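Below is target.tsv, holding TSV, C-alpha atoms.
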```
chain	number	residue	atom	x	y	z
Q	256	MET	CA	61.77	151.35	157.05
Q	257	ASN	CA	64.58	148.97	157.59
Q	258	TYR	CA	62.78	146.37	155.52
Q	259	GLU	CA	62.31	148.75	152.58
Q	260	ALA	CA	65.89	149.90	152.82
Q	261	GLY	CA	67.08	146.35	152.81
Q	262	MET	CA	64.98	145.50	149.75
Q	263	PHE	CA	66.23	148.59	147.96
Q	264	GLY	CA	69.82	147.72	148.65
Q	265	ARG	CA	69.30	144.17	147.48
Q	266	GLN	CA	67.74	145.46	144.28
Q	267	GLU	CA	70.70	147.68	143.63
Q	268	ARG	CA	73.06	144.77	144.03
Q	269	LEU	CA	71.04	142.69	141.59
Q	270	GLU	CA	71.01	145.46	138.98
Q	271	PHE	CA	74.75	145.95	139.36
Q	272	THR	CA	75.39	142.27	138.93
Q	273	GLY	CA	73.18	142.13	135.75
Q	274	GLU	CA	74.92	145.05	134.13
Q	275	GLU	CA	78.28	143.52	134.85
Q	276	THR	CA	77.19	140.23	133.29
Q	277	ALA	CA	75.88	141.99	130.15
Q	278	ARG	CA	79.16	143.86	129.80
Q	279	LYS	CA	81.09	140.62	130.03
Q	280	SER	CA	78.84	139.00	127.36
Q	281	ARG	CA	79.29	141.88	124.97
Q	282	ARG	CA	83.02	141.76	125.53
Q	283	TRP	CA	83.16	138.10	124.55
Q	284	ILE	CA	81.08	138.79	121.48
Q	285	TRP	CA	83.51	141.45	120.39
Q	286	ILE	CA	86.44	139.16	121.05
Q	287	VAL	CA	84.90	136.37	118.93
Q	288	ALA	CA	84.07	138.80	116.13
Q	289	ALA	CA	87.61	140.16	116.15
Q	290	ALA	CA	88.99	136.64	116.02
Q	291	ILE	CA	86.83	135.82	113.02
Q	292	VAL	CA	87.98	138.95	111.22
Q	293	VAL	CA	91.63	138.14	111.94
Q	294	VAL	CA	91.23	134.56	110.68
Q	295	GLY	CA	89.47	135.79	107.53
Q	296	ALA	CA	92.18	138.33	106.86
Q	297	ILE	CA	94.89	135.71	107.26
Q	298	ALA	CA	93.06	133.34	104.90
Q	299	PHE	CA	92.57	136.12	102.34
Q	300	PHE	CA	96.24	137.04	102.33
Q	301	MET	CA	97.26	133.40	102.05
Q	302	MET	CA	95.01	132.88	99.02
Q	303	SER	CA	96.19	136.12	97.46
Q	304	GLY	CA	99.76	135.00	97.88
Q	305	SER	CA	99.24	131.64	96.16
Q	306	LYS	CA	97.46	133.28	93.27
Q	307	GLY	CA	100.03	135.98	92.93
Q	308	ALA	CA	102.59	133.37	91.88
Q	309	ALA	CA	100.71	132.92	88.57
Q	310	PRO	CA	102.21	135.19	85.90
Q	311	LYS	CA	100.27	137.51	83.79
Q	312	GLY	CA	101.05	135.21	80.83
Q	313	ALA	CA	98.59	132.66	82.16
Q	314	ALA	CA	95.80	135.12	81.75
Q	315	ALA	CA	97.03	135.89	78.28
Q	316	LYS	CA	97.20	132.19	77.54
Q	317	ALA	CA	93.67	131.67	78.72
Q	318	GLU	CA	92.53	134.55	76.64
Q	319	GLY	CA	94.42	133.15	73.65
Q	320	GLY	CA	92.84	129.71	74.17
Q	321	ALA	CA	89.41	131.26	74.13
Q	322	SER	CA	90.14	133.04	70.87
Q	323	GLN	CA	91.74	129.86	69.44
Q	324	SER	CA	88.56	127.90	70.08
Q	325	GLN	CA	86.69	130.37	67.87
Q	326	ILE	CA	88.83	129.62	64.75
Q	327	PRO	CA	87.00	127.07	62.50
Q	328	THR	CA	88.63	123.81	61.49
Q	329	VAL	CA	88.26	122.90	57.80
Q	330	THR	CA	89.27	119.89	55.72
Q	331	VAL	CA	91.82	120.67	53.02
Q	332	ALA	CA	93.69	118.63	50.43
Q	333	ILE	CA	96.41	119.05	47.83
Q	334	PRO	CA	94.60	117.45	44.85
Q	335	ALA	CA	97.41	117.32	42.24
Q	336	ARG	CA	96.64	116.69	38.57
Q	337	GLN	CA	95.37	113.32	37.40
Q	338	THR	CA	94.10	111.66	34.27
Q	339	VAL	CA	90.44	110.72	34.46
Q	340	GLN	CA	88.47	108.88	31.83
Q	341	THR	CA	85.54	110.73	30.33
Q	342	ILE	CA	82.49	108.49	30.58
Q	343	VAL	CA	79.33	108.92	28.51
Q	344	SER	CA	76.37	106.98	29.87
Q	345	GLY	CA	73.28	106.06	27.92
Q	346	THR	CA	70.50	103.53	27.50
Q	347	GLY	CA	68.90	101.93	24.49
Q	348	SER	CA	67.66	98.79	22.79
Q	349	LEU	CA	69.58	95.75	21.63
Q	350	ALA	CA	69.25	94.72	18.00
Q	351	ALA	CA	70.99	92.76	15.28
Q	352	ARG	CA	73.76	94.82	13.76
Q	353	ARG	CA	72.82	93.61	10.27
Q	354	GLU	CA	69.32	92.20	10.31
Q	355	MET	CA	68.35	90.17	7.23
Q	356	PRO	CA	64.66	89.58	6.47
Q	357	VAL	CA	64.15	86.34	4.54
Q	358	GLY	CA	61.07	85.75	2.39
Q	359	VAL	CA	59.97	83.88	-0.75
Q	360	ALA	CA	62.28	84.51	-3.67
Q	361	GLY	CA	60.46	82.24	-6.17
Q	362	GLU	CA	56.88	81.68	-7.19
Q	363	GLY	CA	55.99	80.01	-3.90
Q	364	GLY	CA	53.69	77.15	-3.09
Q	365	VAL	CA	52.86	74.91	-0.17
Q	366	VAL	CA	55.51	74.70	2.55
Q	367	THR	CA	56.44	71.05	3.14
Q	368	ARG	CA	59.16	71.37	5.80
Q	369	VAL	CA	60.68	74.00	8.10
Q	370	LEU	CA	64.21	73.00	8.95
Q	371	VAL	CA	65.36	75.62	11.49
Q	372	GLU	CA	64.20	77.22	14.71
Q	373	PRO	CA	64.96	80.64	16.24
Q	374	GLY	CA	68.44	80.51	17.72
Q	375	SER	CA	69.79	78.18	15.02
Q	376	TRP	CA	73.08	78.98	13.33
Q	377	VAL	CA	72.98	78.51	9.55
Q	378	GLY	CA	75.44	78.81	6.69
Q	379	LYS	CA	75.16	80.80	3.50
Q	380	GLY	CA	72.68	79.14	1.12
Q	381	GLN	CA	71.42	76.66	3.71
Q	382	VAL	CA	67.77	75.62	3.24
Q	383	LEU	CA	65.49	77.05	5.91
Q	384	ALA	CA	62.19	75.68	4.54
Q	385	THR	CA	61.11	73.67	1.50
Q	386	VAL	CA	58.12	74.22	-0.79
Q	387	ASP	CA	56.24	71.53	-2.67
Q	388	ARG	CA	57.65	71.18	-6.22
Q	389	SER	CA	55.79	68.20	-7.66
Q	390	VAL	CA	54.49	70.13	-10.69
Q	391	GLN	CA	57.77	71.93	-11.26
Q	392	ALA	CA	59.64	68.63	-11.09
Q	393	GLN	CA	57.58	67.23	-13.96
Q	394	THR	CA	58.24	70.31	-16.03
Q	395	ALA	CA	61.94	69.92	-15.40
Q	396	GLU	CA	61.80	66.28	-16.56
Q	397	ALA	CA	60.09	67.31	-19.79
Q	398	LEU	CA	62.69	69.94	-20.48
Q	399	ALA	CA	65.48	67.49	-19.75
Q	400	ALA	CA	63.97	65.15	-22.38
Q	401	SER	CA	63.79	68.02	-24.88
Q	402	VAL	CA	67.49	68.60	-24.35
Q	403	ARG	CA	68.22	64.95	-25.11
Q	404	VAL	CA	66.09	65.07	-28.30
Q	405	ALA	CA	67.82	68.22	-29.50
Q	406	GLN	CA	71.21	66.67	-28.83
Q	407	ALA	CA	70.27	63.56	-30.88
Q	408	ASP	CA	69.14	65.74	-33.79
Q	409	ALA	CA	72.38	67.65	-33.62
Q	410	ARG	CA	74.45	64.44	-33.69
Q	411	LEU	CA	72.49	63.18	-36.73
Q	412	ALA	CA	72.93	66.49	-38.60
Q	413	GLN	CA	76.67	66.42	-37.87
Q	414	ALA	CA	77.00	62.85	-39.19
Q	415	GLU	CA	75.17	63.67	-42.44
Q	416	LEU	CA	77.40	66.71	-42.95
Q	417	ASP	CA	80.53	64.58	-42.45
Q	418	ARG	CA	79.41	62.02	-45.08
Q	419	ALA	CA	78.53	64.73	-47.57
Q	420	GLN	CA	81.97	66.31	-47.23
Q	421	ARG	CA	83.64	62.97	-48.05
Q	422	LEU	CA	81.52	62.60	-51.20
Q	423	VAL	CA	81.88	66.12	-52.55
Q	424	ALA	CA	85.42	65.43	-53.76
Q	425	ASN	CA	84.11	62.65	-56.10
Q	426	GLY	CA	81.40	64.87	-57.53
Q	427	PHE	CA	78.47	63.00	-55.99
Q	428	ILE	CA	77.41	65.93	-53.77
Q	429	SER	CA	77.22	69.51	-54.88
Q	430	LYS	CA	78.51	72.47	-52.97
Q	431	ALA	CA	74.94	73.63	-52.40
Q	432	ASP	CA	74.07	70.36	-50.62
Q	433	ILE	CA	77.05	70.83	-48.32
Q	434	ASP	CA	75.81	74.29	-47.40
Q	435	ARG	CA	72.32	73.01	-46.64
Q	436	LYS	CA	73.61	70.20	-44.44
Q	437	THR	CA	75.88	72.64	-42.62
Q	438	ALA	CA	72.92	74.91	-41.91
Q	439	THR	CA	70.88	71.92	-40.70
Q	440	ARG	CA	73.68	70.97	-38.33
Q	441	ASP	CA	73.93	74.53	-36.95
Q	442	GLN	CA	70.17	74.68	-36.39
Q	443	ALA	CA	70.26	71.42	-34.47
Q	444	LEU	CA	73.07	72.71	-32.25
Q	445	ALA	CA	71.10	75.91	-31.62
Q	446	ARG	CA	68.04	73.90	-30.58
Q	447	VAL	CA	70.25	72.01	-28.14
Q	448	ARG	CA	71.36	75.26	-26.55
Q	449	VAL	CA	67.78	76.54	-26.32
Q	450	ALA	CA	66.61	73.32	-24.70
Q	451	GLN	CA	69.48	73.40	-22.25
Q	452	ALA	CA	68.75	77.03	-21.34
Q	453	GLN	CA	65.10	76.24	-20.69
Q	454	PHE	CA	66.04	73.26	-18.57
Q	455	SER	CA	68.54	75.34	-16.58
Q	456	GLU	CA	65.95	78.06	-16.02
Q	457	THR	CA	63.48	75.54	-14.67
Q	458	GLN	CA	66.09	74.08	-12.37
Q	459	ALA	CA	66.91	77.55	-11.06
Q	460	ARG	CA	63.25	78.27	-10.47
Q	461	ASN	CA	62.88	75.02	-8.60
Q	462	ARG	CA	65.85	75.81	-6.43
Q	463	ARG	CA	64.28	79.15	-5.59
Q	464	LEU	CA	61.25	77.32	-4.27
Q	465	ASP	CA	63.38	76.50	-1.23
Q	466	ILE	CA	63.74	79.33	1.26
Q	467	ARG	CA	67.48	79.73	1.83
Q	468	ALA	CA	69.72	81.81	4.05
Q	469	PRO	CA	71.24	84.73	2.11
Q	470	GLU	CA	74.28	84.81	4.44
Q	471	ALA	CA	75.65	82.87	7.36
Q	472	GLY	CA	74.21	83.96	10.65
Q	473	LEU	CA	71.76	83.44	13.49
Q	474	VAL	CA	68.04	82.82	13.00
Q	475	LEU	CA	66.13	85.30	15.14
Q	476	THR	CA	62.48	84.71	14.27
Q	477	ARG	CA	60.37	82.19	12.33
Q	478	GLN	CA	56.95	83.05	10.89
Q	479	VAL	CA	56.13	80.04	8.70
Q	480	GLU	CA	54.75	76.57	9.34
Q	481	PRO	CA	54.41	73.39	7.22
Q	482	GLY	CA	51.26	73.42	5.06
Q	483	GLN	CA	51.28	77.19	4.78
Q	484	ILE	CA	50.90	78.57	1.27
Q	485	VAL	CA	53.53	81.18	0.58
Q	486	SER	CA	54.26	83.48	-2.32
Q	487	ALA	CA	56.27	86.55	-3.14
Q	488	GLY	CA	53.68	88.64	-1.31
Q	489	SER	CA	53.81	86.62	1.91
Q	490	GLY	CA	56.30	89.00	3.52
Q	491	VAL	CA	59.08	88.08	5.92
Q	492	LEU	CA	59.19	84.42	6.95
Q	493	PHE	CA	62.51	84.49	8.85
Q	494	ARG	CA	64.70	87.17	10.38
Q	495	MET	CA	68.42	86.62	10.72
Q	496	ALA	CA	71.38	88.39	12.26
Q	497	GLN	CA	74.26	88.37	9.82
Q	498	GLY	CA	77.20	86.63	11.47
Q	499	GLY	CA	75.30	86.70	14.79
Q	500	GLN	CA	76.54	90.25	15.41
Q	501	MET	CA	74.53	92.38	17.83
Q	502	GLU	CA	74.51	96.05	18.73
Q	503	LEU	CA	73.14	98.51	21.23
Q	504	ARG	CA	71.41	101.55	19.80
Q	505	THR	CA	71.66	104.14	22.55
Q	506	GLN	CA	70.02	107.55	22.51
Q	507	LEU	CA	72.41	110.35	23.51
Q	508	SER	CA	72.20	114.11	23.67
Q	509	GLU	CA	73.96	116.10	21.00
Q	510	VAL	CA	76.50	117.26	23.61
Q	511	ASP	CA	77.47	113.66	24.41
Q	512	LEU	CA	77.52	112.71	20.74
Q	513	GLN	CA	80.16	115.35	20.12
Q	514	LYS	CA	82.46	113.49	22.54
Q	515	LEU	CA	82.22	110.13	20.76
Q	516	ARG	CA	84.23	108.72	17.89
Q	517	PRO	CA	84.00	105.31	16.19
Q	518	GLY	CA	86.20	102.83	18.02
Q	519	ALA	CA	85.43	104.12	21.52
Q	520	VAL	CA	85.32	101.28	24.05
Q	521	ALA	CA	81.96	100.59	25.70
Q	522	GLU	CA	80.58	98.42	28.48
Q	523	VAL	CA	77.00	97.20	28.01
Q	524	THR	CA	74.82	95.76	30.77
Q	525	PRO	CA	71.45	94.27	29.76
Q	526	THR	CA	68.51	94.93	32.04
Q	527	GLY	CA	67.93	92.19	34.58
Q	528	THR	CA	71.55	91.05	34.75
Q	529	THR	CA	74.82	92.24	36.18
Q	530	GLN	CA	76.86	90.73	33.36
Q	531	VAL	CA	78.92	93.29	31.45
Q	532	PHE	CA	79.69	92.88	27.75
Q	533	LYS	CA	82.56	94.62	25.99
Q	534	GLY	CA	81.94	96.40	22.73
Q	535	GLU	CA	82.91	99.44	20.74
Q	536	VAL	CA	81.16	102.29	19.02
Q	537	TRP	CA	81.06	101.59	15.28
Q	538	GLN	CA	78.74	104.37	14.19
Q	539	VAL	CA	77.75	107.80	15.51
Q	540	SER	CA	74.57	109.26	14.09
Q	541	PRO	CA	75.30	112.03	11.59
Q	542	VAL	CA	71.90	113.66	12.27
Q	543	ILE	CA	70.11	114.94	15.38
Q	544	ASP	CA	66.39	114.54	15.91
Q	545	PRO	CA	65.04	118.12	15.89
Q	546	GLN	CA	62.28	117.16	18.34
Q	547	THR	CA	64.27	115.36	21.03
Q	548	ARG	CA	67.68	116.93	20.30
Q	549	GLN	CA	69.19	113.45	20.50
Q	550	GLY	CA	71.09	111.13	18.20
Q	551	ILE	CA	71.97	107.44	18.13
Q	552	ALA	CA	75.32	105.85	18.90
Q	553	ARG	CA	75.58	102.21	17.77
Q	554	VAL	CA	77.77	99.89	19.86
Q	555	SER	CA	78.76	96.60	18.22
Q	556	LEU	CA	78.73	93.44	20.35
Q	557	LYS	CA	79.73	89.84	19.82
Q	558	TYR	CA	77.01	87.23	19.99
Q	559	ASP	CA	75.97	85.98	23.41
Q	560	PRO	CA	72.71	84.24	24.41
Q	561	ALA	CA	72.14	86.96	27.03
Q	562	LEU	CA	72.00	89.61	24.29
Q	563	ARG	CA	68.44	89.40	23.03
Q	564	PRO	CA	67.34	91.78	20.27
Q	565	GLY	CA	64.61	94.08	21.49
Q	566	GLY	CA	65.89	94.01	25.05
Q	567	PHE	CA	66.86	97.10	27.05
Q	568	ALA	CA	70.42	97.79	28.18
Q	569	SER	CA	72.62	100.53	29.58
Q	570	ALA	CA	76.06	101.53	28.33
Q	571	ARG	CA	79.16	103.23	29.72
Q	572	ILE	CA	81.22	104.59	26.84
Q	573	ILE	CA	84.80	105.71	27.45
Q	574	SER	CA	85.14	108.73	25.19
Q	575	GLY	CA	88.73	109.62	26.12
Q	576	GLY	CA	90.90	110.84	28.98
Q	577	LEU	CA	91.15	114.23	30.68
Q	578	THR	CA	94.16	115.46	32.69
Q	579	ALA	CA	92.97	117.99	35.23
Q	580	VAL	CA	92.65	118.80	38.91
Q	581	MET	CA	89.76	116.79	40.33
Q	582	LEU	CA	87.80	118.10	43.33
Q	583	PRO	CA	84.66	116.93	45.10
Q	584	GLN	CA	81.59	118.96	44.34
Q	585	SER	CA	81.53	120.24	47.93
Q	586	ALA	CA	84.76	122.17	47.27
Q	587	VAL	CA	83.40	124.19	44.35
Q	588	GLN	CA	81.26	127.22	45.15
Q	589	SER	CA	79.46	129.56	42.78
Q	590	ASP	CA	77.92	133.01	42.85
Q	591	ASN	CA	77.20	135.82	40.42
Q	592	ASP	CA	80.90	136.11	39.64
Q	593	GLY	CA	81.23	132.46	38.62
Q	594	ASN	CA	82.72	129.32	40.11
Q	595	PHE	CA	85.42	129.52	42.78
Q	596	VAL	CA	87.19	127.59	45.52
Q	597	TYR	CA	88.99	128.61	48.70
Q	598	VAL	CA	92.72	127.97	49.03
Q	599	LEU	CA	94.88	128.52	52.12
Q	600	ASP	CA	97.97	130.73	52.15
Q	601	ALA	CA	101.04	130.35	54.35
Q	602	LYS	CA	99.20	131.95	57.28
Q	603	ASN	CA	96.28	129.54	56.99
Q	604	GLN	CA	94.03	132.30	55.73
Q	605	ALA	CA	91.32	131.55	53.18
Q	606	ALA	CA	91.72	133.13	49.75
Q	607	ARG	CA	89.14	133.02	47.00
Q	608	ARG	CA	90.33	131.52	43.69
Q	609	GLY	CA	88.20	131.64	40.53
Q	610	VAL	CA	88.14	128.37	38.54
Q	611	THR	CA	86.73	126.97	35.31
Q	612	THR	CA	84.95	123.64	35.66
Q	613	GLY	CA	84.78	120.84	33.13
Q	614	ASP	CA	83.00	117.49	33.15
Q	615	VAL	CA	81.46	116.06	36.30
Q	616	THR	CA	82.48	112.42	36.63
Q	617	GLU	CA	82.48	109.76	39.31
Q	618	ALA	CA	85.86	111.09	40.44
Q	619	GLY	CA	84.46	114.59	41.01
Q	620	VAL	CA	84.51	117.91	39.17
Q	621	ALA	CA	87.28	118.54	36.67
Q	622	ILE	CA	88.95	121.94	37.11
Q	623	THR	CA	90.26	122.92	33.69
Q	624	SER	CA	91.81	126.23	34.76
Q	625	GLY	CA	92.48	128.21	37.93
Q	626	LEU	CA	94.44	125.57	39.85
Q	627	ASN	CA	97.71	123.77	39.22
Q	628	GLY	CA	97.15	121.03	41.79
Q	629	THR	CA	99.73	122.18	44.39
Q	630	GLU	CA	97.42	124.41	46.41
Q	631	ARG	CA	95.77	123.55	49.69
Q	632	VAL	CA	92.12	123.59	48.67
Q	633	VAL	CA	89.29	123.73	51.20
Q	634	LEU	CA	87.13	120.66	50.60
Q	635	THR	CA	84.36	121.33	53.10
Q	636	ALA	CA	82.83	124.32	54.88
Q	637	GLY	CA	83.80	126.63	52.04
Q	638	ALA	CA	80.30	128.11	51.97
Q	639	PHE	CA	80.82	129.43	55.54
Q	640	LEU	CA	84.20	131.09	54.93
Q	641	ASN	CA	85.09	134.63	54.00
Q	642	PRO	CA	88.20	135.83	52.16
Q	643	GLY	CA	91.03	136.43	54.62
Q	644	GLN	CA	89.46	134.38	57.40
Q	645	LYS	CA	91.94	132.37	59.45
Q	646	VAL	CA	91.24	128.65	59.78
Q	647	ILE	CA	92.74	125.53	61.30
Q	648	PRO	CA	93.53	123.14	58.38
Q	649	ASN	CA	92.91	119.41	58.64
Q	650	LEU	CA	94.93	117.98	55.78
Q	651	GLN	CA	93.30	115.05	54.00
Q	652	LYS	CA	95.59	112.65	52.19
Q	653	SER	CA	94.98	112.20	48.48
Q	654	LYS	CA	93.54	108.87	47.46
```
Could you render the structure from this file as structure tokens?
Amino acid sequence: MNYEAGMFGRQERLEFTGEETARKSRRWIWIVAAAIVVVGAIAFFMMSGSKGAAPKGAAAKAEGGASQSQIPTVTVAIPARQTVQTIVSGTGSLAARREMPVGVAGEGGVVTRVLVEPGSWVGKGQVLATVDRSVQAQTAEALAASVRVAQADARLAQAELDRAQRLVANGFISKADIDRKTATRDQALARVRVAQAQFSETQARNRRLDIRAPEAGLVLTRQVEPGQIVSAGSGVLFRMAQGGQMELRTQLSEVDLQKLRPGAVAEVTPTGTTQVFKGEVWQVSPVIDPQTRQGIARVSLKYDPALRPGGFASARIISGGLTAVMLPQSAVQSDNDGNFVYVLDAKNQAARRGVTTGDVTEAGVAITSGLNGTERVVLTAGAFLNPGQKVIPNLQKSK
């Protein structure tokens, strides 16, 4: 009994001690938790205090910055008015400005010599080729002899007439004899003139046996060789460029032809070279091909070995000047209402402005009406703008 009572008392003491220990543990847990809450509260109030110093304007500024970042930036320029040359471009073939075909002018014969080659410069009347004239030379000698015979007969008839006139005063010669001798003298003089005319004709024919240059110029082609038999039906034996002058015959549309006038300055560049030759338009075709709707402008050029007839070349013809506002093509928009650009007002808001466009050149698009050149015109991003939209302008300096 005492043993059981002692064990029971010991058990009670152990249970009391355990409960007391548990209470102490829970107390410390609550103390630590309270400390954590206090520290957190202090930290929260400290952070709230530092943030409270920031004014409400900062939030507004942040909000404004966000909205500012949404405004697009566009490139603008004040184009002003400028004078731009109107250029008409075309291509065509080179040729002699005045091409002269040279053939047989006389009766022809066997060619004995060819004296020139293509590329030779010749003078007016210069012999290009000679034709055998052995038979014609003999004929000319015979006619020359006939002239001398006729002249001798005429001198004899004149002498007899002179003697008869001295004797008629003494009565030895009648008036009728004087008339007969006068007629004989006149006939002899007429025969002299006939013989001389025949001789001159033969000489002219013989000279025409030689193939000669009709005018001074440049020999372009040669189609005859020694030993060849030629006649009036032999066709063209030589081709010449009168004075060596060349030209470009360029095909242009009827719209471009309307812009050209004789005297317009041109720059011609033959194919295969970068060399540029100066010339001027000397003729604009008065007719338009109904099939191609094109006409020919002829540009005169001075002789140069690089200008070969038949070759291909390109031309830039300055047809005049245009004073207008020039804009890049990216600045001009179009829709069902026509062409337009965007200009900025004092508040940097985009405003639509209708324009009339002219020629498109290397400098850009000519604006013939709608702008005076003092506006701030949107050069890029115009297709993404709307009327009244606010933008940030990036001013581009005029070149």
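Among the candidates Q:Val554, Q:Ile647, Q:Val580, Q:Val523, the residue lying nearest to Ser624 in chain Q is Q:Val580 (atoms considered: all atoms listed in the file).
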CA of Ala351 in chain Q to CA of Lys379 in chain Q, straight-line distance in Å |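 One can read the CA of Lys379 in chain Q to CA of Ala351 in chain Q distance as 17.3 Å.
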From the list Q:Val646, Q:Leu349, Q:Gly625, Q:Gly380, the nearest residue to Thr612 in chain Q using all atoms listed in the file is Q:Gly625
Of the candidates Q:Ser585, Q:Ser574, Q:Ser569, Q:Thr623, which shows the shortest atom-to-atom distance to Gly518 in chain Q, using only C-alpha atoms?
->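 Counting only C-alpha atoms, the residue closest to Gly518 in chain Q is Q:Ser574.
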For Ala397 in chain Q, please output as an mmCIF file with C-alpha atoms, in the frame of the given file all residues within 12 Å (counting all atoms listed in the file; exclusion window: fewer than 4 positions along the same chain).
```
data_model
loop_
_atom_site.group_PDB
_atom_site.id
_atom_site.type_symbol
_atom_site.label_atom_id
_atom_site.label_comp_id
_atom_site.auth_asym_id
_atom_site.auth_seq_id
_atom_site.Cartn_x
_atom_site.Cartn_y
_atom_site.Cartn_z
ATOM 1 C CA VAL Q 390 54.490 70.130 -10.690
ATOM 2 C CA GLN Q 391 57.770 71.930 -11.260
ATOM 3 C CA ALA Q 392 59.640 68.630 -11.090
ATOM 4 C CA GLN Q 393 57.580 67.230 -13.960
ATOM 5 C CA SER Q 401 63.790 68.020 -24.880
ATOM 6 C CA VAL Q 402 67.490 68.600 -24.350
ATOM 7 C CA ARG Q 403 68.220 64.950 -25.110
ATOM 8 C CA VAL Q 404 66.090 65.070 -28.300
ATOM 9 C CA ALA Q 450 66.610 73.320 -24.700
ATOM 10 C CA GLN Q 451 69.480 73.400 -22.250
ATOM 11 C CA GLN Q 453 65.100 76.240 -20.690
ATOM 12 C CA PHE Q 454 66.040 73.260 -18.570
ATOM 13 C CA THR Q 457 63.480 75.540 -14.670
ATOM 14 C CA GLN Q 458 66.090 74.080 -12.370
#
```
Counting only C-alpha atoms, the option among Q:Ala407, Q:Leu650, Q:Val598, Q:Ala350 closest to Gly628 in chain Q |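 Closest candidate: Q:Val598.
Close to (91.3, 128.7, 49.0), meaning no more than 7 Å away when counting only C-alpha atoms, sit the residues Q:Val596, Q:Tyr597, Q:Val598, Q:Leu599, Q:Ala605, Q:Ala606, Q:Arg607, Q:Arg608, Q:Arg631, Q:Val632, Q:Val633.
Here the question is which of Q:Ile543, Q:Ala471, Q:Ile551, Q:Leu556 gets nearest to Gly378 in chain Q using all atoms listed in the file, and that residue is Q:Ala471.
Picture a line from CA of Val447 in chain Q to CA of Ala400 in chain Q; it runs 10.9 Å.
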Of the residues Q:Arg446, Q:Arg388, Q:Arg571, Q:Lys602, which is the one nearest to Ile342 in chain Q, using only C-alpha atoms?
->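 Comparing Q:Arg446, Q:Arg388, Q:Arg571, Q:Lys602 against Ile342 in chain Q, the winner is Q:Arg571.
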Exercise: range 334-341 of chain Q partners within 8 Å, only C-alpha atoms, chain neighbours under 4 positions left out, as a list in words =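 Listed by chain and then number, they are Ile573, Ser574, Gly575, Gly576, Leu577, Thr578, Ala579, Val580, Met581, Leu582, Asp614, Thr616, Ala618, Asn627, Gly628, Thr629, Glu630, Arg631, Val632 and Ser653 of chain Q.
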How would range 419-428 of chain Q look with N, CA, C and O atoms restored, written as a PDB file, keeping the file's coordinate frame?
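Below you can see part.pdb, which holds the result:
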```pdb
ATOM      1  N   ALA Q 419      78.621  63.908 -46.354  1.00  0.00           N
ATOM      2  CA  ALA Q 419      78.530  64.730 -47.570  1.00  0.00           C
ATOM      3  C   ALA Q 419      79.875  65.340 -47.916  1.00  0.00           C
ATOM      4  O   ALA Q 419      80.240  65.434 -49.112  1.00  0.00           O
ATOM      5  N   GLN Q 420      80.655  65.725 -46.947  1.00  0.00           N
ATOM      6  CA  GLN Q 420      81.970  66.310 -47.230  1.00  0.00           C
ATOM      7  C   GLN Q 420      82.932  65.283 -47.819  1.00  0.00           C
ATOM      8  O   GLN Q 420      83.804  65.630 -48.626  1.00  0.00           O
ATOM      9  N   ARG Q 421      82.777  63.998 -47.453  1.00  0.00           N
ATOM     10  CA  ARG Q 421      83.640  62.970 -48.050  1.00  0.00           C
ATOM     11  C   ARG Q 421      83.263  62.697 -49.526  1.00  0.00           C
ATOM     12  O   ARG Q 421      84.097  62.315 -50.337  1.00  0.00           O
ATOM     13  N   LEU Q 422      81.977  62.904 -49.837  1.00  0.00           N
ATOM     14  CA  LEU Q 422      81.520  62.600 -51.200  1.00  0.00           C
ATOM     15  C   LEU Q 422      81.666  63.778 -52.165  1.00  0.00           C
ATOM     16  O   LEU Q 422      81.618  63.595 -53.387  1.00  0.00           O
ATOM     17  N   VAL Q 423      81.828  64.962 -51.657  1.00  0.00           N
ATOM     18  CA  VAL Q 423      81.880  66.120 -52.550  1.00  0.00           C
ATOM     19  C   VAL Q 423      83.125  66.101 -53.419  1.00  0.00           C
ATOM     20  O   VAL Q 423      83.108  66.614 -54.556  1.00  0.00           O
ATOM     21  N   ALA Q 424      84.187  65.464 -52.953  1.00  0.00           N
ATOM     22  CA  ALA Q 424      85.420  65.430 -53.760  1.00  0.00           C
ATOM     23  C   ALA Q 424      85.241  64.563 -55.006  1.00  0.00           C
ATOM     24  O   ALA Q 424      85.887  64.774 -56.034  1.00  0.00           O
ATOM     25  N   ASN Q 425      84.352  63.530 -54.969  1.00  0.00           N
ATOM     26  CA  ASN Q 425      84.110  62.650 -56.100  1.00  0.00           C
ATOM     27  C   ASN Q 425      83.017  63.173 -57.020  1.00  0.00           C
ATOM     28  O   ASN Q 425      82.660  62.528 -58.012  1.00  0.00           O
ATOM     29  N   GLY Q 426      82.412  64.273 -56.663  1.00  0.00           N
ATOM     30  CA  GLY Q 426      81.400  64.870 -57.530  1.00  0.00           C
ATOM     31  C   GLY Q 426      80.004  64.349 -57.290  1.00  0.00           C
ATOM     32  O   GLY Q 426      79.093  64.683 -58.057  1.00  0.00           O
ATOM     33  N   PHE Q 427      79.821  63.533 -56.234  1.00  0.00           N
ATOM     34  CA  PHE Q 427      78.470  63.000 -55.990  1.00  0.00           C
ATOM     35  C   PHE Q 427      77.580  64.005 -55.264  1.00  0.00           C
ATOM     36  O   PHE Q 427      76.357  63.916 -55.340  1.00  0.00           O
ATOM     37  N   ILE Q 428      78.171  64.937 -54.542  1.00  0.00           N
ATOM     38  CA  ILE Q 428      77.410  65.930 -53.770  1.00  0.00           C
ATOM     39  C   ILE Q 428      77.879  67.308 -54.229  1.00  0.00           C
ATOM     40  O   ILE Q 428      79.074  67.563 -54.359  1.00  0.00           O
TER      41      ILE Q 428
END
```
